[in-house]
Amino acid sequence: MEKQTTSARKEVFSVLRDFSIILAVVTVLFVFAVRLVGVDGSSMYPTLMDKDYMLLLSNVVSQDYDRGDVVVLTVPEFSSSPIVKRIIATEGDLVDIDFSTGDVYVNGERLDEAYISEKIWVQYADATDLPATVPDGCVFVLGDNRNHSADSRYAPIGMVDTRRIMGRVLGIALPGQKTDIEGNVIGGRDFSRIGGIS
């Protein structure tokens with residue numbers, strides 16, 4: 001009888017120890033490697049919608065960013081909250097926008113952007129001078145909802161230092177309600193949107 005009690009105690013201790021290790025690993029993972037971040041606004045429509053929750057690969061894990069990556073960054077000169085944008089150009093790239101056609105060019109090549117809601121028509125009064133070469137350690141970012149996005153075209157944001165990038169978006173963990181191009185709610189949550197983004 002005593003042998004069975006000792007065996008049961010060892011089993012309980014083993015389960016509690018394993019559970020504690022798993023909990024510690026998950027906690028460290030979600031504190032330092034992967035974060036859950038909410039979208040605020042419609043600047044990344046249709047890729048991301050207002051109130052979507054995204055999984056973010058933290059800059060603690062990876063600081064290697066490429067064109068096309070969707071990132072969360074801080075720009076205190078513009079907003080006290082983090083913003084979500086897509087990297088269009090990286091250091092050394094020459095970026096330009098033809099506002100008459102709405103096309104974006106990087107190193108003289110027109111980008112094929114299937115992910116945008118519409119081409120760029122909006123120019124800011126306080127605009128970044130283009131064409132421009134992206135400085136070392138910086139990126140040029142745009143929102144996918146081009147005419148409803150404050151991004152690198154807007155001088156207070158401009159070229160963004162990569163040290164301000166919190167991380168790269170891996171995908172949608174929980175979708176927000178369906179919205180239109182201006183951010184107005186037009187439907188419920190579409191759970192088929194859960195997963196990676198492009």
# chains A, B, ... in the order shown; residues from 1 in each chain; ligands from 1
>>> select_by_dssp(residues="segment 95-184 of chain A", states="helix (DSSP H, G or I)", output="JSON, numbers by chain")
{"A": [146, 147, 148, 162, 163, 164]}
>>> write_last_selection(atoms="C-alpha atoms", output="short mmCIF file (atom, residue, chain, number, x, y, z; two decimals), in the first residue's frame")
data_model
loop_
_atom_site.label_atom_id
_atom_site.label_comp_id
_atom_site.auth_asym_id
_atom_site.auth_seq_id
_atom_site.Cartn_x
_atom_site.Cartn_y
_atom_site.Cartn_z
CA ARG A 146 -2.79 53.02 -49.98
CA ASN A 147 -5.18 55.99 -49.96
CA HIS A 148 -6.15 55.51 -46.31
CA THR A 162 14.89 49.21 -38.42
CA ARG A 163 15.53 49.54 -34.67
CA ARG A 164 11.94 50.80 -34.43
#
>>> select_by_dssp(residues="chain A", states="strand (DSSP E or B)", output="ChimeraX atom specification")
/A:34-38,53-58,70-73,83-90,94-98,103-106,109-110,127,132-133,138-142,154,160-161,165-174,177-179,185-189,195-196
>>> closest_atom_pairs(of="segment 11-76 of chain A", to="segment 175-193 of chain A", cutoff="8 Å", atoms="only C-alpha atoms", output="JSON lines")
{"residue": "A:Gly41", "atom": "CA", "partner": "A:Gly183", "partner_atom": "CA", "distance": 6.7}
{"residue": "A:Ser42", "atom": "CA", "partner": "A:Gly183", "partner_atom": "CA", "distance": 5.0}
{"residue": "A:Tyr45", "atom": "CA", "partner": "A:Ile181", "partner_atom": "CA", "distance": 6.3}
{"residue": "A:Pro46", "atom": "CA", "partner": "A:Ile181", "partner_atom": "CA", "distance": 7.4}
{"residue": "A:Met49", "atom": "CA", "partner": "A:Gly176", "partner_atom": "CA", "distance": 6.3}
{"residue": "A:Asp50", "atom": "CA", "partner": "A:Gly176", "partner_atom": "CA", "distance": 6.1}
{"residue": "A:Lys51", "atom": "CA", "partner": "A:Gly176", "partner_atom": "CA", "distance": 4.6}
{"residue": "A:Asp52", "atom": "CA", "partner": "A:Gly176", "partner_atom": "CA", "distance": 4.2}
{"residue": "A:Tyr53", "atom": "CA", "partner": "A:Pro175", "partner_atom": "CA", "distance": 6.2}
>>> write_last_selection(atoms="C-alpha atoms", output="compact mmCIF listing (two decimals), in the first residue's frame")
# COMPACT_ATOMS: atom_id res chain seq x y z
CA GLY A 41 -7.35 51.01 -38.04
CA SER A 42 -7.78 50.13 -41.71
CA TYR A 45 -6.93 46.57 -45.62
CA PRO A 46 -7.55 44.06 -47.22
CA MET A 49 -8.61 44.55 -40.77
CA ASP A 50 -9.33 46.68 -37.72
CA LYS A 51 -9.28 44.60 -34.52
CA ASP A 52 -7.52 41.60 -36.10
CA TYR A 53 -5.11 39.95 -33.68
>>> atom_distance(atom1="atom CA of Gly195 of chain A", atom2="atom CA of Ile83 of chain A")
20.2 Å
>>> residues_around(residues="segment 97-102 of chain A", least_positions_apart="6", cutoff="6 Å", atoms="only C-alpha atoms", output="count of residues only")
3
>>> atom_distance(atom1="atom CA of Ser58 of chain A", atom2="atom CA of Gly92 of chain A")
24.2 Å
